[in-house]
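See below for structure_29.cif, which holds mmCIF, C-alpha atoms.
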```cif
data_model
loop_
_atom_site.group_PDB
_atom_site.id
_atom_site.type_symbol
_atom_site.label_atom_id
_atom_site.label_comp_id
_atom_site.auth_asym_id
_atom_site.auth_seq_id
_atom_site.Cartn_x
_atom_site.Cartn_y
_atom_site.Cartn_z
ATOM 1 C CA MET A 1 1.527 6.370 -11.628
ATOM 2 C CA ILE A 2 2.803 9.619 -10.202
ATOM 3 C CA GLU A 3 6.505 8.966 -9.581
ATOM 4 C CA ASP A 4 9.426 11.290 -10.059
ATOM 5 C CA GLU A 5 12.209 8.699 -9.789
ATOM 6 C CA ARG A 6 12.554 6.949 -13.094
ATOM 7 C CA ILE A 7 14.196 3.931 -11.516
ATOM 8 C CA ASN A 8 11.134 3.304 -9.338
ATOM 9 C CA ALA A 9 8.766 3.717 -12.250
ATOM 10 C CA LEU A 10 10.818 1.248 -14.281
ATOM 11 C CA ALA A 11 10.899 -1.247 -11.428
ATOM 12 C CA PHE A 12 7.124 -1.124 -11.260
ATOM 13 C CA LYS A 13 6.818 -1.468 -15.026
ATOM 14 C CA LYS A 14 9.175 -4.440 -14.959
ATOM 15 C CA GLY A 15 7.153 -5.972 -12.149
ATOM 16 C CA LEU A 16 4.009 -5.793 -14.251
ATOM 17 C CA ALA A 17 5.779 -7.353 -17.222
ATOM 18 C CA ASN A 18 7.062 -10.172 -14.993
ATOM 19 C CA ILE A 19 3.561 -11.285 -14.150
ATOM 20 C CA LYS A 20 2.498 -10.716 -17.746
ATOM 21 C CA ALA A 21 0.006 -8.061 -16.749
ATOM 22 C CA THR A 22 -1.267 -6.235 -19.781
ATOM 23 C CA ASN A 23 -2.529 -3.156 -17.980
ATOM 24 C CA GLU A 24 -1.387 0.072 -19.513
ATOM 25 C CA LEU A 25 0.955 2.022 -17.252
ATOM 26 C CA ILE A 26 1.014 5.790 -17.648
ATOM 27 C CA ILE A 27 3.777 7.498 -15.725
ATOM 28 C CA GLN A 28 3.666 11.182 -14.774
ATOM 29 C CA GLU A 29 6.727 12.571 -13.047
ATOM 30 C CA THR A 30 5.067 15.398 -11.170
ATOM 31 C CA ALA A 31 1.769 15.968 -9.437
ATOM 32 C CA GLU A 32 1.168 18.903 -11.768
ATOM 33 C CA ASN A 33 1.608 16.697 -14.841
ATOM 34 C CA GLY A 34 -0.641 14.109 -13.244
ATOM 35 C CA LEU A 35 -3.385 16.673 -12.730
ATOM 36 C CA GLN A 36 -2.994 17.963 -16.245
ATOM 37 C CA TYR A 37 -3.303 14.422 -17.586
ATOM 38 C CA LEU A 38 -6.449 13.869 -15.556
ATOM 39 C CA ARG A 39 -8.001 17.154 -16.608
ATOM 40 C CA ASN A 40 -8.642 15.506 -19.944
ATOM 41 C CA GLU A 41 -11.859 13.651 -19.174
ATOM 42 C CA ASN A 42 -10.916 10.908 -21.623
ATOM 43 C CA ASN A 43 -8.032 10.011 -19.354
ATOM 44 C CA ARG A 44 -9.501 7.932 -16.599
ATOM 45 C CA PRO A 45 -7.139 5.367 -15.106
ATOM 46 C CA ASP A 46 -8.630 2.561 -13.035
ATOM 47 C CA ILE A 47 -6.063 3.098 -10.310
ATOM 48 C CA ILE A 48 -3.613 5.823 -9.375
ATOM 49 C CA MET A 49 -0.285 4.778 -7.834
ATOM 50 C CA LEU A 50 0.985 7.774 -5.912
ATOM 51 C CA ASP A 51 4.416 8.636 -4.596
ATOM 52 C CA LEU A 52 4.322 11.210 -1.820
ATOM 53 C CA ASN A 53 7.727 12.856 -2.174
ATOM 54 C CA LEU A 54 7.452 14.762 -5.404
ATOM 55 C CA PRO A 55 9.072 17.967 -6.622
ATOM 56 C CA LYS A 56 6.884 21.059 -6.126
ATOM 57 C CA MET A 57 3.350 19.827 -5.362
ATOM 58 C CA ASN A 58 3.648 16.819 -3.068
ATOM 59 C CA GLY A 59 1.560 13.666 -3.106
ATOM 60 C CA ILE A 60 -0.719 14.635 -0.259
ATOM 61 C CA ASP A 61 -1.653 17.930 -1.904
ATOM 62 C CA PHE A 62 -2.293 16.034 -5.144
ATOM 63 C CA LEU A 63 -4.503 13.658 -3.197
ATOM 64 C CA LYS A 64 -6.476 16.573 -1.738
ATOM 65 C CA VAL A 65 -7.153 17.919 -5.219
ATOM 66 C CA ILE A 66 -8.220 14.515 -6.576
ATOM 67 C CA LYS A 67 -10.542 13.851 -3.682
ATOM 68 C CA SER A 68 -12.231 17.229 -4.097
ATOM 69 C CA ASP A 69 -13.069 16.494 -7.711
ATOM 70 C CA SER A 70 -16.388 14.733 -8.250
ATOM 71 C CA SER A 71 -15.236 12.776 -11.293
ATOM 72 C CA LEU A 72 -11.762 11.930 -10.008
ATOM 73 C CA LYS A 73 -12.483 11.077 -6.385
ATOM 74 C CA ARG A 74 -13.883 7.673 -7.272
ATOM 75 C CA ILE A 75 -10.566 6.432 -8.706
ATOM 76 C CA PRO A 76 -8.803 4.333 -6.037
ATOM 77 C CA VAL A 77 -5.496 5.928 -5.075
ATOM 78 C CA ILE A 78 -2.751 3.691 -3.752
ATOM 79 C CA VAL A 79 0.266 5.254 -2.092
ATOM 80 C CA LEU A 80 3.719 3.795 -2.748
ATOM 81 C CA THR A 81 6.257 5.823 -0.811
ATOM 82 C CA THR A 82 9.520 5.829 1.095
ATOM 83 C CA SER A 83 7.954 7.957 3.808
ATOM 84 C CA VAL A 84 7.903 6.353 7.226
ATOM 85 C CA ASN A 85 6.342 9.449 8.774
ATOM 86 C CA PRO A 86 3.275 8.187 10.665
ATOM 87 C CA GLN A 87 1.479 11.474 10.030
ATOM 88 C CA ASP A 88 1.723 10.905 6.281
ATOM 89 C CA LYS A 89 0.001 7.579 6.702
ATOM 90 C CA ILE A 90 -2.764 9.035 8.846
ATOM 91 C CA ASP A 91 -3.249 11.958 6.457
ATOM 92 C CA CYS A 92 -3.486 9.599 3.491
ATOM 93 C CA PHE A 93 -6.058 7.354 5.112
ATOM 94 C CA ASP A 94 -7.984 10.458 6.154
ATOM 95 C CA LEU A 95 -7.942 11.329 2.477
ATOM 96 C CA GLN A 96 -9.315 7.874 1.677
ATOM 97 C CA VAL A 97 -6.416 6.081 0.024
ATOM 98 C CA ALA A 98 -7.109 2.476 -0.922
ATOM 99 C CA GLY A 99 -3.714 1.190 0.169
ATOM 100 C CA TYR A 100 -0.413 2.484 1.557
ATOM 101 C CA PHE A 101 2.828 0.690 0.768
ATOM 102 C CA ILE A 102 6.223 1.668 2.108
ATOM 103 C CA LYS A 103 9.442 1.249 0.120
ATOM 104 C CA PRO A 104 11.772 -0.518 0.095
ATOM 105 C CA ILE A 105 9.406 -3.338 -0.735
ATOM 106 C CA ASP A 106 9.587 -6.583 -2.613
ATOM 107 C CA TYR A 107 8.162 -5.447 -5.954
ATOM 108 C CA PHE A 108 7.264 -8.974 -6.954
ATOM 109 C CA GLU A 109 5.124 -9.503 -3.842
ATOM 110 C CA LEU A 110 3.668 -6.004 -4.079
ATOM 111 C CA ILE A 111 2.654 -6.282 -7.692
ATOM 112 C CA LYS A 112 1.317 -9.780 -7.325
ATOM 113 C CA SER A 113 -0.830 -8.649 -4.408
ATOM 114 C CA LEU A 114 -1.947 -5.432 -6.123
ATOM 115 C CA TYR A 115 -2.780 -7.363 -9.255
ATOM 116 C CA ASN A 116 -4.724 -10.125 -7.516
ATOM 117 C CA TYR A 117 -6.653 -7.725 -5.304
ATOM 118 C CA TRP A 118 -7.584 -5.158 -7.932
ATOM 119 C CA THR A 119 -8.334 -7.800 -10.550
ATOM 120 C CA LYS A 120 -10.875 -9.225 -8.153
ATOM 121 C CA SER A 121 -12.270 -5.801 -7.327
ATOM 122 C CA GLU A 122 -14.998 -4.251 -9.376
ATOM 123 C CA PHE A 123 -14.621 -0.683 -10.530
ATOM 124 C CA THR A 124 -17.032 1.995 -11.488
ATOM 125 C CA THR A 125 -17.043 2.598 -15.197
ATOM 126 C CA SER A 126 -19.608 5.351 -15.475
ATOM 127 C CA ASP A 127 -17.125 7.953 -16.702
ATOM 128 C CA LYS A 128 -15.019 5.713 -18.832
ATOM 129 C CA LYS A 129 -14.987 5.345 -22.585
ATOM 130 C CA ASN A 130 -13.543 1.817 -22.635
ATOM 131 C CA MET B 1 -3.894 -8.485 8.175
ATOM 132 C CA LYS B 2 -0.778 -6.688 9.300
ATOM 133 C CA ASN B 3 -1.537 -6.455 13.000
ATOM 134 C CA ASN B 4 -3.821 -8.749 14.904
ATOM 135 C CA LYS B 5 -6.643 -6.295 15.111
ATOM 136 C CA THR B 6 -10.278 -7.155 14.701
ATOM 137 C CA ILE B 7 -11.910 -7.392 11.300
ATOM 138 C CA LEU B 8 -15.481 -6.125 11.369
ATOM 139 C CA LEU B 9 -17.861 -8.041 9.130
ATOM 140 C CA VAL B 10 -21.159 -6.269 8.438
ATOM 141 C CA GLU B 11 -23.347 -8.958 6.895
ATOM 142 C CA ASP B 12 -26.990 -9.865 7.356
ATOM 143 C CA ASP B 13 -26.850 -13.258 5.669
ATOM 144 C CA LYS B 14 -25.922 -15.942 8.179
ATOM 145 C CA VAL B 15 -24.695 -18.352 5.515
ATOM 146 C CA ASP B 16 -22.413 -15.751 3.958
ATOM 147 C CA ALA B 17 -21.095 -14.820 7.384
ATOM 148 C CA MET B 18 -20.354 -18.486 8.096
ATOM 149 C CA THR B 19 -18.552 -18.720 4.772
ATOM 150 C CA VAL B 20 -16.330 -15.776 5.669
ATOM 151 C CA LYS B 21 -15.544 -17.333 9.044
ATOM 152 C CA ARG B 22 -14.818 -20.702 7.492
ATOM 153 C CA ALA B 23 -12.586 -19.138 4.834
ATOM 154 C CA MET B 24 -10.654 -17.196 7.453
ATOM 155 C CA SER B 25 -10.209 -20.349 9.484
ATOM 156 C CA ASP B 26 -9.048 -22.357 6.465
ATOM 157 C CA LEU B 27 -6.579 -19.593 5.610
ATOM 158 C CA LYS B 28 -5.389 -19.526 9.218
ATOM 159 C CA ILE B 29 -6.103 -15.838 9.473
ATOM 160 C CA THR B 30 -5.715 -15.074 13.138
ATOM 161 C CA ASN B 31 -7.406 -11.690 13.318
ATOM 162 C CA PRO B 32 -10.496 -11.770 15.512
ATOM 163 C CA LEU B 33 -13.675 -11.399 13.500
ATOM 164 C CA ALA B 34 -16.525 -9.302 14.857
ATOM 165 C CA HIS B 35 -19.810 -9.875 13.059
ATOM 166 C CA VAL B 36 -22.787 -7.557 13.040
ATOM 167 C CA TYR B 37 -25.939 -7.937 10.989
ATOM 168 C CA ASN B 38 -26.627 -4.458 9.678
ATOM 169 C CA GLY B 39 -25.417 -0.876 9.547
ATOM 170 C CA LEU B 40 -27.066 0.186 12.797
ATOM 171 C CA ASP B 41 -25.421 -2.628 14.723
ATOM 172 C CA ALA B 42 -22.132 -1.731 13.070
ATOM 173 C CA LEU B 43 -22.387 1.844 14.304
ATOM 174 C CA GLU B 44 -23.268 0.647 17.772
ATOM 175 C CA TYR B 45 -20.239 -1.656 17.720
ATOM 176 C CA LEU B 46 -17.933 1.078 16.489
ATOM 177 C CA LYS B 47 -19.183 3.669 18.952
ATOM 178 C CA ASN B 48 -18.778 1.329 21.909
ATOM 179 C CA LYS B 49 -15.524 2.310 23.630
ATOM 180 C CA LYS B 50 -15.083 -1.252 24.878
ATOM 181 C CA ASN B 51 -14.588 -2.464 21.331
ATOM 182 C CA GLU B 52 -11.252 -2.036 19.649
ATOM 183 C CA ILE B 53 -11.405 -0.115 16.380
ATOM 184 C CA PRO B 54 -11.243 -2.706 13.598
ATOM 185 C CA CYS B 55 -8.364 -2.703 11.136
ATOM 186 C CA ILE B 56 -10.741 -3.131 8.182
ATOM 187 C CA ILE B 57 -14.465 -3.404 7.586
ATOM 188 C CA LEU B 58 -15.925 -6.015 5.248
ATOM 189 C CA LEU B 59 -19.245 -4.568 4.164
ATOM 190 C CA ASP B 60 -22.274 -6.166 2.624
ATOM 191 C CA LEU B 61 -24.550 -3.724 0.854
ATOM 192 C CA ASN B 62 -28.014 -5.211 1.060
ATOM 193 C CA MET B 63 -29.040 -5.273 4.689
ATOM 194 C CA PRO B 64 -32.146 -4.372 6.626
ATOM 195 C CA LYS B 65 -32.486 -1.368 8.947
ATOM 196 C CA MET B 66 -29.377 0.390 7.658
ATOM 197 C CA ASN B 67 -27.805 -0.820 4.426
ATOM 198 C CA GLY B 68 -24.171 -0.690 3.399
ATOM 199 C CA LEU B 69 -24.247 2.592 1.511
ATOM 200 C CA GLU B 70 -26.141 4.317 4.313
ATOM 201 C CA LEU B 71 -23.552 3.067 6.790
ATOM 202 C CA LEU B 72 -20.726 4.201 4.523
ATOM 203 C CA LYS B 73 -22.130 7.726 4.408
ATOM 204 C CA VAL B 74 -22.153 7.897 8.203
ATOM 205 C CA LEU B 75 -18.684 6.372 8.557
ATOM 206 C CA LYS B 76 -17.112 8.748 6.087
ATOM 207 C CA LYS B 77 -18.462 11.761 7.948
ATOM 208 C CA ASP B 78 -16.861 10.616 11.212
ATOM 209 C CA SER B 79 -13.316 11.900 11.688
ATOM 210 C CA ASP B 80 -12.153 8.757 13.495
ATOM 211 C CA LEU B 81 -14.093 6.111 11.611
ATOM 212 C CA LYS B 82 -13.505 7.397 8.093
ATOM 213 C CA LYS B 83 -9.872 6.243 8.219
ATOM 214 C CA ILE B 84 -10.822 2.581 8.475
ATOM 215 C CA PRO B 85 -10.494 0.899 5.056
ATOM 216 C CA VAL B 86 -13.842 -0.476 3.900
ATOM 217 C CA VAL B 87 -13.979 -3.367 1.452
ATOM 218 C CA VAL B 88 -17.402 -4.085 -0.016
ATOM 219 C CA LEU B 89 -18.255 -7.781 -0.214
ATOM 220 C CA THR B 90 -21.594 -8.100 -1.960
ATOM 221 C CA THR B 91 -23.737 -9.971 -4.455
ATOM 222 C CA SER B 92 -24.692 -6.700 -6.127
ATOM 223 C CA ASN B 93 -23.277 -6.193 -9.596
ATOM 224 C CA ALA B 94 -25.327 -3.014 -10.055
ATOM 225 C CA GLU B 95 -23.367 -0.175 -11.603
ATOM 226 C CA ARG B 96 -25.043 2.307 -9.324
ATOM 227 C CA ASP B 97 -23.881 0.444 -6.221
ATOM 228 C CA LYS B 98 -20.321 0.403 -7.507
ATOM 229 C CA THR B 99 -20.361 4.099 -8.390
ATOM 230 C CA GLU B 100 -21.810 5.107 -5.062
ATOM 231 C CA SER B 101 -19.412 2.867 -3.168
ATOM 232 C CA PHE B 102 -16.364 4.328 -4.889
ATOM 233 C CA ASP B 103 -17.760 7.839 -4.528
ATOM 234 C CA LEU B 104 -17.856 7.043 -0.811
ATOM 235 C CA SER B 105 -14.215 5.967 -0.982
ATOM 236 C CA VAL B 106 -14.350 2.237 -0.518
ATOM 237 C CA ALA B 107 -10.979 0.528 -0.759
ATOM 238 C CA GLY B 108 -12.252 -2.365 -2.851
ATOM 239 C CA TYR B 109 -15.492 -3.826 -4.175
ATOM 240 C CA MET B 110 -15.594 -7.617 -4.315
ATOM 241 C CA LEU B 111 -18.455 -9.705 -5.632
ATOM 242 C CA LYS B 112 -19.174 -12.709 -3.435
ATOM 243 C CA PRO B 113 -18.332 -15.829 -5.420
ATOM 244 C CA VAL B 114 -20.806 -18.694 -5.285
ATOM 245 C CA ASP B 115 -18.005 -21.229 -5.363
ATOM 246 C CA TYR B 116 -16.369 -21.720 -1.944
ATOM 247 C CA LYS B 117 -12.834 -22.086 -3.306
ATOM 248 C CA LYS B 118 -13.198 -18.795 -5.161
ATOM 249 C CA PHE B 119 -14.599 -17.221 -2.000
ATOM 250 C CA VAL B 120 -11.491 -18.340 -0.130
ATOM 251 C CA ASP B 121 -9.355 -16.797 -2.896
ATOM 252 C CA VAL B 122 -11.098 -13.457 -2.411
ATOM 253 C CA ILE B 123 -10.563 -13.537 1.334
ATOM 254 C CA ARG B 124 -6.952 -14.605 0.837
ATOM 255 C CA ASP B 125 -6.293 -11.721 -1.544
ATOM 256 C CA ILE B 126 -7.958 -9.222 0.795
ATOM 257 C CA ASP B 127 -5.907 -10.533 3.717
ATOM 258 C CA LEU B 128 -2.612 -10.483 1.827
ATOM 259 C CA TYR B 129 -3.178 -7.012 0.414
ATOM 260 C CA TRP B 130 -3.995 -5.529 3.808
ATOM 261 C CA THR B 131 -1.046 -7.345 5.348
ATOM 262 C CA ILE B 132 1.423 -5.823 2.899
ATOM 263 C CA SER B 133 -0.321 -2.446 3.037
ATOM 264 C CA GLU B 134 0.021 -0.205 6.019
ATOM 265 C CA LEU B 135 -3.077 0.487 8.059
ATOM 266 C CA PRO B 136 -3.984 3.712 9.800
ATOM 267 C CA ASP B 137 -2.739 3.226 13.338
ATOM 268 C CA LYS B 138 -4.295 5.427 15.950
#
```

Rewrite the structure of this file - the entire thing - as structure tokens.
Amino acid sequence: MIEDERINALAFKKGLANIKATNELIIQETAENGLQYLRNENNRPDIIMLDLNLPKMNGIDFLKVIKSDSSLKRIPVIVLTTSVNPQDKIDCFDLQVAGYFIKPIDYFELIKSLYNYWTKSEFTTSDKKN
Amino acid sequence: MKNNKTILLVEDDKVDAMTVKRAMSDLKITNPLAHVYNGLDALEYLKNKKNEIPCIILLDLNMPKMNGLELLKVLKKDSDLKKIPVVVLTTSNAERDKTESFDLSVAGYMLKPVDYKKFVDVIRDIDLYWTISELPDK
């Protein structure tokens, strides 16, 4: 998860705990830190939750970098943002996001839906260690 | 789904297509369902100005004439069509199919359950997810 507001990250974490999801949640507070984390090829999340409004490098620029990288582009990116700007939505779908959720949102419904959907989905594991 | 736009099902197997339709009906999903049998027909459907752009595409992989991955490659090169979320719905558990699908930016890869109730669950979860999620409006 790339999210600069701690309160939002905690809400998401709490939401996962509520449904007893055991997925590991790694939180990076900036796009730069997110990219640095991903530069280590042992770090390969199954999903990236992406806020758009971030300090310095914003979410869309992060998304452009990810989608230009042959080993990172196959990780589904799901946007979770307060932005109601229609252009942001169009830009994100142009950049192949696998979901776009606008806050405020019922975290319980969101996480339940995310969990059910992505539990049912297959993933590609070719780069992963585990 | 969020709006009441058409869902495009690209599926060559008539029984599987019927199962999708039946599941949608049982779930009271009101989106119109357009069904084509292969990638070529899908392109023809999508290029036809009379047809509304679907809100999502449910894509089988193994189809004659033009298969799912071939269709995906074409879709993702088209500036209008590439925005449409594509969810793979297939019997293929092959790693290569999954890798290629995600490399081509699919927004989900679901294996078709044999059991009808589980099939309905998959359709329900797809519908709910894409109802809560925004979709790229034109």

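Using all atoms listed in the file, the residues found no farther than 12 Å from Pro55 (chain A), other than those of its own chain fewer than 4 positions away, are A:Ile2, A:Glu3, A:Asp4, A:Glu5, A:Gln28, A:Glu29, A:Thr30, A:Ala31, A:Glu32, A:Asn33, A:Asp51, A:Gly59, A:Asp61, A:Phe62.
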
Take the point (-7.0, 11.6, 8.2) in the file's coordinates, draw a sphere of radius 12 Å around it, and report as a VMD selection string every protein, DNA or RNA residue with an atom inside or on it, counting only C-alpha atoms.
(chain A and resid 60 63 to 64 86 to 97) or (chain B and resid 76 to 85 135 to 138)

Report the closest atom pair, with its distance in Å rounded to one decimal, for each residue of chain A that has an atom no farther than 7 Å from chain B; count all atoms listed in the file, sort by chain and then rising residue number, and write it as CSV.
```
residue,atom,partner,partner_atom,distance
A:Lys73,CA,B:Asp103,CA,6.5
A:Arg74,CA,B:Asp103,CA,4.8
A:Pro76,CA,B:Ala107,CA,6.9
A:Lys89,CA,B:Pro136,CA,6.4
A:Ile90,CA,B:Pro136,CA,5.5
A:Phe93,CA,B:Lys83,CA,5.0
A:Asp94,CA,B:Lys83,CA,5.1
A:Gln96,CA,B:Ser105,CA,5.9
A:Ala98,CA,B:Ala107,CA,4.3
A:Gly99,CA,B:Ser133,CA,5.7
A:Tyr100,CA,B:Ser133,CA,5.1
A:Phe101,CA,B:Ser133,CA,5.0
A:Ser113,CA,B:Tyr129,CA,5.6
A:Leu114,CA,B:Tyr129,CA,6.8
A:Asn116,CA,B:Asp125,CA,6.4
A:Tyr117,CA,B:Asp125,CA,5.5
A:Lys120,CA,B:Met110,CA,6.3
A:Ser121,CA,B:Met110,CA,4.8
A:Glu122,CA,B:Tyr109,CA,5.2
A:Phe123,CA,B:Lys98,CA,6.5
A:Thr124,CA,B:Thr99,CA,5.0
```

Dump as CSV the rows for residues of region 4-31 of chain B within 9 Å of region 51-74 of chain B: closest atom pair and distance in Å with one decimal, only C-alpha atoms counted, ordered by chain and rising residue number.
```
residue,atom,partner,partner_atom,distance
B:Asn4,CA,B:Cys55,CA,8.4
B:Lys5,CA,B:Cys55,CA,5.6
B:Thr6,CA,B:Pro54,CA,4.7
B:Ile7,CA,B:Pro54,CA,5.3
B:Leu8,CA,B:Ile57,CA,4.8
B:Leu9,CA,B:Leu58,CA,4.8
B:Val10,CA,B:Leu59,CA,5.0
B:Glu11,CA,B:Asp60,CA,5.2
B:Asp12,CA,B:Met63,CA,5.7
B:Asp13,CA,B:Met63,CA,8.3
```

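By chain and then residue number, the residues within 12 Å of Phe108 (chain A) are Ala11, Phe12, Lys13, Lys14, Gly15, Leu16, Ala17, Asn18, Ile19, Lys20, Pro104, Lys112, Ser113, Leu114 and Tyr115 of chain A; Ile132 of chain B, counting only C-alpha atoms and disregarding those fewer than 4 positions away in sequence.
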
From the set B:Lys112, B:Lys117, B:Lys2, B:Lys14, which residue has the shortest atom-to-atom contact distance to Asn31 (chain B), counting only C-alpha atoms?
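Ranking B:Lys112, B:Lys117, B:Lys2, B:Lys14 by distance to Asn31 (chain B), first place goes to B:Lys2.
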
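Minimum distance to Met18 (chain B) across B:Asn3, B:Leu43, B:Leu33, B:Asn38 (counting all atoms listed in the file) occurs at B:Leu33.
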
Explicit residues for the PyMOL selection byres ((chain A and resi 102) around 6) (as a compact mmCIF listing (two decimals) with C-alpha atoms, keeping the file's coordinate frame):
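Below is the file selection.txt, written as the result:
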```
# COMPACT_ATOMS: atom_id res chain seq x y z
CA LEU A 80 3.72 3.80 -2.75
CA THR A 81 6.26 5.82 -0.81
CA THR A 82 9.52 5.83 1.10
CA PHE A 101 2.83 0.69 0.77
CA LYS A 103 9.44 1.25 0.12
```

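Distance-wise, CA of Ser92 (chain B) and CA of Thr125 (chain A) end up 15.1 Å apart.
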
Quick one: distance from CA of Ile75 (chain A) to CA of Asn53 (chain A) in Å, one decimal?
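Spanning CA of Ile75 (chain A) to CA of Asn53 (chain A) is a straight-line distance of 20.5 Å.
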
Just give me the gap between CA of Asp26 (chain B) and CA of Tyr116 (chain B) in Å, one decimal is fine.
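CA of Tyr116 (chain B) lies at a distance of 11.2 Å from CA of Asp26 (chain B).
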
With distances taken over only C-alpha atoms, which of A:Val84, A:Gln36, A:Leu54, A:Asn42 is nearest to Ile66 (chain A)?
A:Gln36
